[in-house]
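File shown here: structure_18.cif, holding mmCIF, C-alpha atoms.
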data_upload
loop_
_atom_site.label_atom_id
_atom_site.label_comp_id
_atom_site.auth_asym_id
_atom_site.auth_seq_id
_atom_site.Cartn_x
_atom_site.Cartn_y
_atom_site.Cartn_z
CA MET W 1 0.00 0.00 0.00
CA THR W 2 1.55 3.28 -1.14
CA ILE W 3 0.94 6.39 0.96
CA ARG W 4 0.64 9.27 -1.48
CA THR W 5 1.96 12.26 0.43
CA ILE W 6 2.19 16.05 0.14
CA LEU W 7 4.66 18.17 2.13
CA VAL W 8 3.67 21.72 3.04
CA ASP W 9 6.05 24.26 4.62
CA ASP W 10 7.04 27.82 3.81
CA GLU W 11 10.68 26.96 4.53
CA SER W 12 12.43 25.02 1.75
CA LEU W 13 14.99 23.59 4.17
CA ALA W 14 12.20 22.20 6.35
CA ILE W 15 10.67 20.40 3.35
CA GLN W 16 14.08 19.00 2.38
CA GLY W 17 14.72 17.83 5.94
CA LEU W 18 11.38 16.06 6.21
CA GLU W 19 11.80 14.53 2.75
CA LEU W 20 15.19 13.17 3.82
CA ARG W 21 13.67 11.59 6.94
CA LEU W 22 10.91 10.00 4.87
CA GLN W 23 13.29 8.34 2.40
CA PRO W 24 13.74 5.12 4.46
CA PHE W 25 9.99 4.47 4.28
CA ASP W 26 9.47 2.69 0.97
CA ASP W 27 5.68 2.99 1.09
CA VAL W 28 5.72 6.81 1.22
CA GLU W 29 5.47 8.50 -2.19
CA ILE W 30 5.80 12.29 -2.22
CA VAL W 31 3.52 13.61 -4.97
CA ALA W 32 3.83 17.36 -4.31
CA ARG W 33 5.65 19.98 -2.26
CA CYS W 34 4.00 23.28 -1.36
CA GLN W 35 5.31 26.46 0.27
CA ASN W 36 2.08 28.11 1.34
CA GLY W 37 -1.50 27.29 2.27
CA ARG W 38 -3.13 28.24 -1.02
CA GLU W 39 -0.72 26.03 -2.97
CA ALA W 40 -1.49 23.23 -0.54
CA ILE W 41 -5.26 23.41 -1.05
CA SER W 42 -4.84 23.40 -4.83
CA ALA W 43 -2.39 20.47 -4.72
CA ILE W 44 -4.60 18.45 -2.38
CA LYS W 45 -7.63 18.91 -4.63
CA THR W 46 -5.55 17.97 -7.69
CA HIS W 47 -3.55 15.01 -6.38
CA LYS W 48 -6.03 13.69 -3.77
CA PRO W 49 -3.23 12.43 -1.50
CA ASP W 50 -3.59 9.99 1.38
CA LEU W 51 -1.49 12.08 3.74
CA VAL W 52 -0.34 15.68 4.18
CA PHE W 53 2.49 16.83 6.43
CA LEU W 54 1.35 20.37 7.15
CA ASP W 55 3.27 23.23 8.74
CA ILE W 56 1.10 25.37 11.00
CA GLN W 57 2.95 28.69 11.04
CA MET W 58 2.83 29.99 7.47
CA PRO W 59 2.30 33.61 6.40
CA GLY W 60 -1.20 34.55 5.25
CA PHE W 61 -2.80 31.13 5.17
CA ASP W 62 -1.77 28.91 8.07
CA GLY W 63 -2.16 25.14 8.46
CA PHE W 64 -5.52 25.33 10.20
CA SER W 65 -6.85 27.51 7.36
CA VAL W 66 -5.81 24.78 4.92
CA VAL W 67 -7.91 22.24 6.79
CA GLN W 68 -10.88 24.62 6.83
CA GLY W 69 -10.45 25.27 3.11
CA LEU W 70 -11.01 21.58 2.34
CA MET W 71 -14.36 21.18 4.09
CA GLU W 72 -16.24 20.60 0.83
CA VAL W 73 -14.02 17.69 -0.27
CA GLU W 74 -13.01 14.43 1.36
CA PRO W 75 -9.87 15.45 3.25
CA PRO W 76 -6.67 13.43 3.47
CA LEU W 77 -5.04 12.51 6.76
CA PHE W 78 -3.11 15.39 8.30
CA VAL W 79 0.05 15.40 10.40
CA PHE W 80 0.88 18.86 11.71
CA VAL W 81 4.57 19.78 11.85
CA THR W 82 5.68 22.90 13.72
CA ALA W 83 8.36 24.46 15.87
CA TYR W 84 5.77 25.69 18.38
CA GLY W 85 4.28 23.37 20.98
CA ASP W 86 1.37 25.65 21.91
CA HIS W 87 -0.68 24.53 18.88
CA ALA W 88 -1.01 20.89 19.99
CA LEU W 89 -4.55 21.21 21.34
CA ARG W 90 -5.90 22.82 18.18
CA ALA W 91 -4.11 20.22 16.06
CA PHE W 92 -5.88 17.30 17.74
CA GLU W 93 -9.19 19.19 17.75
CA ALA W 94 -8.72 19.44 13.96
CA GLN W 95 -8.62 15.59 13.90
CA ALA W 96 -4.93 15.42 13.05
CA VAL W 97 -3.39 11.96 13.06
CA ASP W 98 -0.41 13.35 14.94
CA TYR W 99 1.55 16.46 15.85
CA LEU W 100 5.31 16.55 15.27
CA MET W 101 7.81 19.07 16.60
CA LYS W 102 10.67 20.40 14.49
CA PRO W 103 13.26 19.06 14.01
CA VAL W 104 11.32 15.85 13.44
CA ASP W 105 12.61 12.90 15.44
CA GLU W 106 13.05 9.80 13.25
CA SER W 107 11.61 7.30 15.74
CA ARG W 108 8.67 9.60 16.40
CA LEU W 109 8.09 9.84 12.66
CA ALA W 110 8.08 6.04 12.39
CA ASP W 111 5.37 5.84 15.08
CA THR W 112 3.32 8.46 13.26
CA LEU W 113 3.50 6.58 9.96
CA GLU W 114 2.39 3.39 11.67
CA ARG W 115 -0.74 5.20 12.88
CA VAL W 116 -1.27 6.54 9.36
CA ARG W 117 -1.05 3.02 7.91
CA GLN W 118 -3.63 1.78 10.41
CA ARG W 119 -6.01 4.64 9.63
CA LEU W 120 -5.70 4.05 5.89
CA ALA W 121 -6.18 0.29 6.26
CA ASP W 122 -9.33 0.88 8.33
CA LYS W 123 -10.67 3.36 5.78
CA ARG W 124 -9.95 1.16 2.77
CA GLY W 125 -11.35 -1.91 4.49
CA SER W 126 -14.59 -0.06 5.17
CA GLN W 127 -14.78 1.19 1.58
CA GLU W 128 -14.21 -2.31 0.18
CA ALA W 129 -16.98 -3.71 2.38
CA ASP W 130 -19.37 -1.00 1.19
CA LYS W 131 -18.53 -1.71 -2.48
CA LEU W 132 -19.07 -5.42 -1.94
CA LYS W 133 -22.48 -4.75 -0.44
CA GLU W 134 -23.43 -2.58 -3.42
CA VAL W 135 -22.50 -5.34 -5.88
CA LEU W 136 -24.31 -8.00 -3.86
CA ALA W 137 -27.39 -5.83 -3.61
CA GLU W 138 -27.63 -5.96 -7.42
CA VAL W 139 -26.73 -9.58 -8.15
CA ALA W 140 -27.66 -11.42 -4.93
CA PRO W 141 -29.88 -9.38 -2.60
CA ASP W 142 -30.27 -12.23 -0.11
CA ALA W 143 -26.52 -12.36 0.40
CA VAL W 144 -26.45 -8.78 1.66
CA THR W 145 -28.30 -9.81 4.80
CA ASP W 146 -25.86 -12.66 5.42
CA LEU W 147 -22.93 -10.33 4.92
CA ALA W 148 -24.34 -7.80 7.37
CA ASP W 149 -24.87 -10.54 9.96
CA GLY W 150 -21.23 -11.58 10.11
CA GLY W 151 -19.31 -11.51 6.86
CA THR W 152 -17.75 -8.13 7.58
CA GLU W 153 -17.01 -8.74 11.24
CA ALA W 154 -13.24 -8.48 10.80
CA VAL W 155 -13.55 -5.30 8.75
CA ALA W 156 -15.92 -3.77 11.29
CA ALA W 157 -13.54 -4.53 14.14
CA ASN W 158 -10.82 -2.51 12.43
CA ARG W 159 -13.00 0.58 12.43
CA PHE W 160 -12.84 0.94 16.20
CA GLU W 161 -10.34 3.20 17.91
CA LYS W 162 -6.94 1.88 18.98
CA MET W 163 -5.88 5.14 20.61
CA ILE W 164 -8.06 7.92 22.03
CA ASN W 165 -6.91 11.52 22.39
CA ILE W 166 -8.21 13.05 25.63
CA LYS W 167 -7.86 16.75 26.40
CA ASP W 168 -7.75 17.06 30.17
CA ARG W 169 -6.37 19.83 32.40
CA GLY W 170 -4.97 21.69 29.42
CA GLN W 171 -3.01 18.72 28.10
CA ILE W 172 -3.48 16.06 25.42
CA PHE W 173 -3.23 12.48 26.64
CA ARG W 174 -2.94 9.66 24.10
CA VAL W 175 -4.63 6.70 25.74
CA ASP W 176 -4.21 3.14 24.50
CA VAL W 177 -7.72 1.67 24.37
CA ASP W 178 -6.40 -1.64 25.71
CA SER W 179 -5.45 0.11 28.95
CA ILE W 180 -8.96 1.45 29.63
CA GLU W 181 -10.52 -0.53 32.47
CA ARG W 182 -13.87 1.18 32.81
CA ILE W 183 -15.73 4.36 31.90
CA ASP W 184 -18.25 6.18 34.07
CA ALA W 185 -20.67 8.78 32.73
CA ALA W 186 -21.40 12.11 34.40
CA GLY W 187 -23.71 13.99 32.05
CA ASP W 188 -21.76 14.92 28.93
CA TYR W 189 -18.47 14.03 30.62
CA MET W 190 -16.83 10.62 30.77
CA CYS W 191 -14.44 9.50 33.52
CA ILE W 192 -11.87 7.23 31.82
CA TYR W 193 -10.11 4.86 34.22
CA THR W 194 -6.84 3.22 33.20
CA GLY W 195 -4.51 1.20 35.37
CA ASP W 196 -2.74 4.27 36.77
CA ASN W 197 -4.77 7.30 35.80
CA THR W 198 -8.23 8.87 35.66
CA LEU W 199 -9.00 11.29 32.83
CA ILE W 200 -12.04 13.39 31.97
CA LEU W 201 -13.37 13.33 28.40
CA ARG W 202 -16.10 15.69 27.23
CA GLU W 203 -18.24 13.35 25.15
CA THR W 204 -21.55 11.55 25.53
CA MET W 205 -21.58 7.86 26.36
CA LYS W 206 -23.56 7.15 23.20
CA ASP W 207 -20.87 8.70 20.99
CA LEU W 208 -18.03 7.07 22.90
CA GLU W 209 -19.62 3.62 22.56
CA LYS W 210 -19.50 3.99 18.77
CA ARG W 211 -15.71 4.36 18.95
CA LEU W 212 -15.10 1.23 21.04
CA ASP W 213 -15.23 -2.42 19.97
CA PRO W 214 -18.47 -3.84 21.47
CA ARG W 215 -16.93 -7.30 21.66
CA ARG W 216 -14.70 -5.95 24.44
CA PHE W 217 -16.36 -2.84 25.82
CA GLN W 218 -19.85 -3.41 27.15
CA ARG W 219 -22.24 -1.28 29.13
CA VAL W 220 -23.04 -3.00 32.44
CA HIS W 221 -25.05 -0.15 33.89
CA ARG W 222 -26.84 2.87 32.51
CA SER W 223 -23.76 4.97 33.25
CA THR W 224 -20.88 2.46 33.16
CA ILE W 225 -18.87 0.73 30.41
CA VAL W 226 -16.41 -2.04 31.29
CA ASN W 227 -13.50 -3.58 29.40
CA LEU W 228 -14.48 -7.26 29.57
CA ASP W 229 -10.89 -8.35 28.97
CA LEU W 230 -9.94 -6.86 32.35
CA VAL W 231 -12.62 -8.67 34.40
CA LYS W 232 -11.13 -11.27 36.76
CA GLN W 233 -14.14 -12.29 38.86
CA VAL W 234 -17.94 -12.29 38.83
CA LYS W 235 -19.74 -12.01 42.19
CA PRO W 236 -23.49 -12.76 42.28
CA HIS W 237 -25.68 -10.36 44.23
CA THR W 238 -29.35 -10.13 45.18
CA ASN W 239 -32.27 -9.48 42.82
CA GLY W 240 -30.45 -10.84 39.77
CA GLU W 241 -27.69 -8.26 40.01
CA CYS W 242 -23.98 -9.01 40.32
CA PHE W 243 -20.58 -7.35 40.60
CA LEU W 244 -17.62 -7.55 38.24
CA VAL W 245 -14.23 -7.44 39.95
CA LEU W 246 -11.61 -5.88 37.67
CA ASN W 247 -7.86 -6.48 37.54
CA SER W 248 -7.25 -3.30 39.54
CA GLY W 249 -9.48 -4.57 42.32
CA ALA W 250 -12.30 -2.16 41.51
CA SER W 251 -15.81 -3.59 41.78
CA VAL W 252 -18.50 -2.62 39.26
CA LYS W 253 -22.19 -3.34 39.68
CA VAL W 254 -24.05 -4.99 36.80
CA SER W 255 -27.70 -4.00 36.78
CA ARG W 256 -30.43 -6.49 35.89
CA SER W 257 -30.97 -4.79 32.53
CA TYR W 258 -27.48 -5.87 31.47
CA ARG W 259 -27.39 -9.42 32.84
CA ASP W 260 -26.65 -10.82 29.38
CA VAL W 261 -23.15 -9.34 29.69
CA VAL W 262 -22.40 -11.72 32.56
CA ALA W 263 -23.37 -14.69 30.38
CA ARG W 264 -20.16 -14.13 28.42
CA PHE W 265 -18.19 -15.37 31.43
CA VAL W 266 -20.24 -18.53 31.98
CA HIS W 267 -19.01 -21.53 29.97
#

Rewrite the coordinates I just gave you, this time as structure tokens.
Amino acid sequence: MTIRTILVDDESLAIQGLELRLQPFDDVEIVARCQNGREAISAIKTHKPDLVFLDIQMPGFDGFSVVQGLMEVEPPLFVFVTAYGDHALRAFEAQAVDYLMKPVDESRLADTLERVRQRLADKRGSQEADKLKEVLAEVAPDAVTDLADGGTEAVAANRFEKMINIKDRGQIFRVDVDSIERIDAAGDYMCIYTGDNTLILRETMKDLEKRLDPRRFQRVHRSTIVNLDLVKQVKPHTNGECFLVLNSGASVKVSRSYRDVVARFVH
């Protein structure tokens, strides 16, 4: 899979430096280089790249303006590159894949490209599944139902988040989904519990559920989601309720409405 890439920076030396660091990655193909925001928008619309490395501080038309200028088209993935760390929050709010500081560290760049590959694989897998459904709908309508019931399970699993960016106390925390033990709702805020930290995410439970793999993350109460992989014990309680004991030792009540979740642990 080739990652068609555009580099955008008003400094020629910065473009050359990034291009040099990208050379070891055989799957990265640089299709255009731009020195200002307006050039970038034109090149993105023309080349339709997979990825854009985008400088934020550019005269006249900065990196965020480039993103806003592409609202009417399907945007590529963006990685912001800058010498200023105070733009990190806005970068992640603009749905950037990552945020790199100049001069770009080679190992950090490798991690970023791995996230890009995962995002592109998820996107292409979803598109292929949709195309398959369209074809089946024409030639074998009955097969579409079968496909929806389980044929795209692997593809669907790839659409769920692997990392979640959480803005809390003026900082951006990149949280590995595997490390999330449980999530408690408090209105439009979610308390995210990991093994060693508690973070606050401003998002509804309904929206957060869509981002998590339901085979692992299940609601066990009206306001609680649990990572089933981190459950070590089930304790029955009165009135058909029970408690799940997690690896950390925390105990979470399962209400009667969600008793089917407990059935997953009974073999």

Next on the checklist: So that I can see what lies close to Leu208 of chain W, please list as a PyMOL selection string the residues with an atom at most 10 Å from it, counting all atoms listed in the file and leaving out residues fewer than 6 positions away in the same chain.
Outcome noted: chain W and resi 161+183+190+201-202+225

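Closest to Glu114 of chain W among W:Asp27, W:Asp260, W:Asp10, W:Glu74 is W:Asp27, based on all atoms listed in the file.
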
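Put simply, atom CA of Ile172 of chain W is 22.4 Å away from atom CA of Val66 of chain W.
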
Item to check | Spatial neighbours of Pro49 of chain W, max dist 12 Å, only C-alpha atoms, sep filter under 3 positions, as a list of chain:residue names | outcome: W:Thr2, W:Ile3, W:Arg4, W:Thr5, W:Ile6, W:Leu7, W:Val28, W:Glu29, W:Ile30, W:Val31, W:Ala32, W:Arg33, W:Ala40, W:Ile41, W:Ser42, W:Ala43, W:Ile44, W:Lys45, W:Thr46, W:Val52, W:Phe53, W:Glu74, W:Pro75, W:Pro76, W:Leu77, W:Phe78, W:Leu120

Checklist entry - What do you get, as a PyMOL selection string, if you spell out every residue that the PyMOL selection byres ((chain W and resi 100-112) around 7) selects here? => result chain W and resi 21+80-83+98-99+113-116

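Closest approach to Arg38 of chain W from the set W:Gln68, W:Gln218, W:Gln233, W:Asn227 is made by W:Gln68, with distances taken over only C-alpha atoms.
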
Six-sided padding of 6 Å per side, axis-aligned box over segment 47-62 of chain W, centre and edges in Å, one decimal, as lines of an AutoDock Vina configuration file:
center_x = -1.4
center_y = 22.3
center_z = 2.3
size_x = 21.3
size_y = 36.6
size_z = 29.4

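In this structure, atom CA of Ser251 of chain W sits 26.1 Å away from atom CA of Asn165 of chain W.
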
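For the atom pair formed by atom CA of Lys162 of chain W and atom CA of Val175 of chain W, the distance is 8.6 Å, given to one decimal.
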
Item to check | Residues within 12 Å of Phe173 of chain W, all atoms listed in the file, excluding chain neighbours under 2 positions, as a PyMOL selection string | outcome: chain W and resi 88-89+92+163-171+175-177+192+194+197-201

If you keep C-alpha atoms, can you produce a file of those selected residues as a compact mmCIF listing (two decimals), keeping the file's coordinate frame?
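Final output, out-v1.txt:
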# COMPACT_ATOMS: atom_id res chain seq x y z
CA ALA W 88 -1.01 20.89 19.99
CA LEU W 89 -4.55 21.21 21.34
CA PHE W 92 -5.88 17.30 17.74
CA MET W 163 -5.88 5.14 20.61
CA ILE W 164 -8.06 7.92 22.03
CA ASN W 165 -6.91 11.52 22.39
CA ILE W 166 -8.21 13.05 25.63
CA LYS W 167 -7.86 16.75 26.40
CA ASP W 168 -7.75 17.06 30.17
CA ARG W 169 -6.37 19.83 32.40
CA GLY W 170 -4.97 21.69 29.42
CA GLN W 171 -3.01 18.72 28.10
CA VAL W 175 -4.63 6.70 25.74
CA ASP W 176 -4.21 3.14 24.50
CA VAL W 177 -7.72 1.67 24.37
CA ILE W 192 -11.87 7.23 31.82
CA THR W 194 -6.84 3.22 33.20
CA ASN W 197 -4.77 7.30 35.80
CA THR W 198 -8.23 8.87 35.66
CA LEU W 199 -9.00 11.29 32.83
CA ILE W 200 -12.04 13.39 31.97
CA LEU W 201 -13.37 13.33 28.40

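The smallest atom-to-atom distance between Arg216 of chain W and any of W:His237, W:His47, W:Arg117, W:Arg182, using only C-alpha atoms, is found for W:Arg182.
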
Next on the checklist: Under the PyMOL selection byres ((chain W and resi 11) around 10), which residues of this model are included? Write them out as number ranges by chain.
Outcome noted: W: 8-10, 12-16, 34-36, 55, 58

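Shortest atom-to-atom contact with Ala185 of chain W among W:Ser223, W:Glu203, W:Ser248, W:Leu212: W:Ser223, counting all atoms listed in the file.
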
Item to check | Residues within 12 Å of (-10.5, -2.5, 42.4), counting all atoms listed in the file, listed as a VMD selection string | outcome: chain W and resid 181 to 182 193 to 196 230 to 233 243 to 252

Next on the checklist: Could you check the closest approach to Gly187 of chain W for each of W:Lys206, W:Arg174, W:Lys235, W:Phe61 and tell me which residue wins, using all atoms listed in the file?
Outcome noted: W:Lys206
